[in-house]
Amino acid sequence: MVTELLDTPMKHTISVLVENRPGVLARTAGLFSRRGFNIDSLTVSTTEDPNTSRMTIVVDGPATILEQIGKQLYKLVDVIKVMDHTEDQIVSRELTLVKVHAADSVKRAELMQIVDIFRAKIVDLGDKTIIIEATGASDKIDALERLLDGYGIKEMVRSGRVVLVRGSKTT
């Protein structure tokens, strides 16, 4: 029974602290690719220390396989620390920019209400389009995307998830 639970695919959010050097991203992503995992979200940025970067990777798969990937990540020369946040209490955010068709005033008014409800912002207003910026948890961004889809999304981009563990625990 326990083995069945471990082999059930689920979303995992993993942080990988690495040396800030060229090629590290490709080697890290390659490890997931070789194991047949599709990365749902990948965000990379320098940390408070300019010599290190933090990768936040969201991947869907069984815990047993992800445990093996974690061990293999540690074998990469530039990897400093690997953290699986699946069981952690985290603060999680994404950023999205969405260009929506809005040629008439009725659509624009409706879109402004949606923007207000989601605490998003209109960052560009064109003759026939509106660009909306929103930040929040992934499910909030998903919900906004579903609503805006009915208005005709012309273009969209999402940043990928970034996370920090709640409280005084640090990475």
# chains A, B, ... in the order shown; residues from 1 in each chain; ligands from 1
>>> select_by_dssp(residues="range 21-65 of chain A", states="alpha helix (DSSP H)", output="PyMOL selection string")
chain A and resi 24-34+63-65
>>> residues_around(residues="range 85-102 of chain A", least_positions_apart="6", cutoff="7 Å", atoms="only C-alpha atoms", output="ChimeraX atom specification")
/A:12-14,108,128-138,151-166
>>> select_by_dssp(residues="range 19-158 of chain A", states="strand (DSSP E)", output="ChimeraX atom specification")
/A:19,39-46,52-61,79-84,90-101,121-125,129-136,153-158
>>> atom_distance(atom1="CA of Val58 in chain A", atom2="CA of Gly167 in chain A")
21.6 Å
>>> residues_around(residues="Arg21 in chain A", least_positions_apart="5", cutoff="9 Å", atoms="only C-alpha atoms", output="list in words")
Asn51, Thr52, Ser53 and Asp78 of chain A
>>> closest_residue(among="A:Val79, A:Leu148, A:Glu67, A:Leu125", to="Gly23 in chain A", atoms="only C-alpha atoms")
A:Val79
>>> decode(residues="range 110-153 of chain A", atoms="N, CA and C atoms", output="CSV table (one decimal), in the first residue's frame")
chain,number,residue,atom,x,y,z
A,110,GLU,N,-15.9,44.7,-19.2
A,110,GLU,CA,-15.9,43.4,-18.6
A,110,GLU,C,-14.5,42.9,-18.2
A,111,LEU,N,-13.5,43.2,-19.1
A,111,LEU,CA,-12.2,42.8,-18.8
A,111,LEU,C,-11.6,43.6,-17.6
A,112,MET,N,-12.0,44.9,-17.5
A,112,MET,CA,-11.5,45.7,-16.4
A,112,MET,C,-12.1,45.1,-15.1
A,113,GLN,N,-13.3,44.6,-15.1
A,113,GLN,CA,-13.9,44.0,-13.9
A,113,GLN,C,-13.1,42.8,-13.5
A,114,ILE,N,-12.8,41.9,-14.5
A,114,ILE,CA,-12.0,40.7,-14.2
A,114,ILE,C,-10.7,41.1,-13.6
A,115,VAL,N,-10.0,42.1,-14.2
A,115,VAL,CA,-8.7,42.5,-13.8
A,115,VAL,C,-8.8,42.9,-12.3
A,116,ASP,N,-9.8,43.7,-12.0
A,116,ASP,CA,-10.0,44.2,-10.6
A,116,ASP,C,-10.3,43.0,-9.6
A,117,ILE,N,-11.1,42.1,-10.0
A,117,ILE,CA,-11.4,40.9,-9.1
A,117,ILE,C,-10.1,40.1,-8.8
A,118,PHE,N,-9.3,39.9,-9.8
A,118,PHE,CA,-8.1,39.1,-9.7
A,118,PHE,C,-6.9,39.9,-9.2
A,119,ARG,N,-7.1,41.2,-8.8
A,119,ARG,CA,-6.1,42.1,-8.4
A,119,ARG,C,-4.9,42.1,-9.3
A,120,ALA,N,-5.2,42.1,-10.6
A,120,ALA,CA,-4.2,42.2,-11.7
A,120,ALA,C,-4.1,43.6,-12.1
A,121,LYS,N,-3.3,43.9,-13.2
A,121,LYS,CA,-3.2,45.2,-13.7
A,121,LYS,C,-3.3,45.2,-15.2
A,122,ILE,N,-3.8,46.3,-15.8
A,122,ILE,CA,-3.7,46.5,-17.2
A,122,ILE,C,-2.4,47.3,-17.4
A,123,VAL,N,-1.5,46.7,-18.2
A,123,VAL,CA,-0.2,47.3,-18.4
A,123,VAL,C,0.0,47.9,-19.8
A,124,ASP,N,-1.0,47.6,-20.7
A,124,ASP,CA,-1.0,48.2,-22.0
A,124,ASP,C,-2.4,48.1,-22.6
A,125,LEU,N,-2.8,49.2,-23.2
A,125,LEU,CA,-4.1,49.4,-23.8
A,125,LEU,C,-4.0,49.8,-25.2
A,126,GLY,N,-4.3,48.9,-26.1
A,126,GLY,CA,-4.2,49.2,-27.5
A,126,GLY,C,-5.5,49.5,-28.1
A,127,ASP,N,-5.6,49.7,-29.4
A,127,ASP,CA,-6.8,49.9,-30.1
A,127,ASP,C,-7.8,48.7,-30.0
A,128,LYS,N,-7.2,47.5,-30.2
A,128,LYS,CA,-8.0,46.3,-30.2
A,128,LYS,C,-7.6,45.3,-29.2
A,129,THR,N,-6.6,45.6,-28.4
A,129,THR,CA,-6.1,44.6,-27.4
A,129,THR,C,-5.8,45.3,-26.0
A,130,ILE,N,-5.8,44.4,-25.0
A,130,ILE,CA,-5.4,44.8,-23.7
A,130,ILE,C,-4.4,43.8,-23.2
A,131,ILE,N,-3.3,44.3,-22.6
A,131,ILE,CA,-2.3,43.4,-22.0
A,131,ILE,C,-2.5,43.4,-20.5
A,132,ILE,N,-2.7,42.3,-19.9
A,132,ILE,CA,-3.0,42.2,-18.4
A,132,ILE,C,-1.8,41.5,-17.8
A,133,GLU,N,-1.4,42.0,-16.6
A,133,GLU,CA,-0.3,41.4,-15.8
A,133,GLU,C,-1.0,40.9,-14.5
A,134,ALA,N,-0.6,39.7,-14.1
A,134,ALA,CA,-1.2,39.1,-12.9
A,134,ALA,C,-0.1,38.3,-12.2
A,135,THR,N,-0.1,38.4,-10.9
A,135,THR,CA,0.8,37.6,-10.1
A,135,THR,C,0.0,36.8,-9.1
A,136,GLY,N,0.5,35.6,-8.7
A,136,GLY,CA,-0.2,34.9,-7.7
A,136,GLY,C,0.1,33.4,-7.7
A,137,ALA,N,-0.6,32.6,-6.9
A,137,ALA,CA,-0.4,31.2,-6.9
A,137,ALA,C,-0.9,30.6,-8.3
A,138,SER,N,-0.3,29.5,-8.6
A,138,SER,CA,-0.6,28.9,-9.9
A,138,SER,C,-2.1,28.7,-10.2
A,139,ASP,N,-2.8,28.3,-9.2
A,139,ASP,CA,-4.3,28.0,-9.4
A,139,ASP,C,-5.0,29.4,-9.7
A,140,LYS,N,-4.6,30.5,-9.1
A,140,LYS,CA,-5.2,31.8,-9.4
A,140,LYS,C,-4.9,32.1,-10.9
A,141,ILE,N,-3.7,31.9,-11.3
A,141,ILE,CA,-3.3,32.3,-12.7
A,141,ILE,C,-4.1,31.4,-13.7
A,142,ASP,N,-4.2,30.1,-13.3
A,142,ASP,CA,-5.0,29.1,-14.1
A,142,ASP,C,-6.4,29.6,-14.3
A,143,ALA,N,-7.0,30.1,-13.2
A,143,ALA,CA,-8.4,30.5,-13.2
A,143,ALA,C,-8.6,31.8,-14.0
A,144,LEU,N,-7.6,32.7,-13.9
A,144,LEU,CA,-7.7,33.9,-14.7
A,144,LEU,C,-7.6,33.5,-16.2
A,145,GLU,N,-6.7,32.6,-16.5
A,145,GLU,CA,-6.5,32.2,-17.9
A,145,GLU,C,-7.8,31.6,-18.5
A,146,ARG,N,-8.5,30.8,-17.7
A,146,ARG,CA,-9.7,30.2,-18.1
A,146,ARG,C,-10.8,31.2,-18.4
A,147,LEU,N,-10.9,32.3,-17.6
A,147,LEU,CA,-11.8,33.3,-17.8
A,147,LEU,C,-11.5,34.2,-19.0
A,148,LEU,N,-10.2,34.5,-19.2
A,148,LEU,CA,-9.8,35.3,-20.3
A,148,LEU,C,-9.9,34.6,-21.6
A,149,ASP,N,-9.9,33.3,-21.6
A,149,ASP,CA,-9.9,32.5,-22.8
A,149,ASP,C,-11.2,32.8,-23.6
A,150,GLY,N,-12.3,33.0,-22.9
A,150,GLY,CA,-13.6,33.3,-23.5
A,150,GLY,C,-13.6,34.7,-24.3
A,151,TYR,N,-12.6,35.5,-24.0
A,151,TYR,CA,-12.5,36.8,-24.7
A,151,TYR,C,-11.6,36.8,-25.8
A,152,GLY,N,-10.8,35.7,-26.0
A,152,GLY,CA,-9.9,35.5,-27.1
A,152,GLY,C,-8.5,35.9,-26.7
A,153,ILE,N,-7.8,35.0,-26.1
A,153,ILE,CA,-6.4,35.3,-25.8
A,153,ILE,C,-5.6,35.3,-27.1
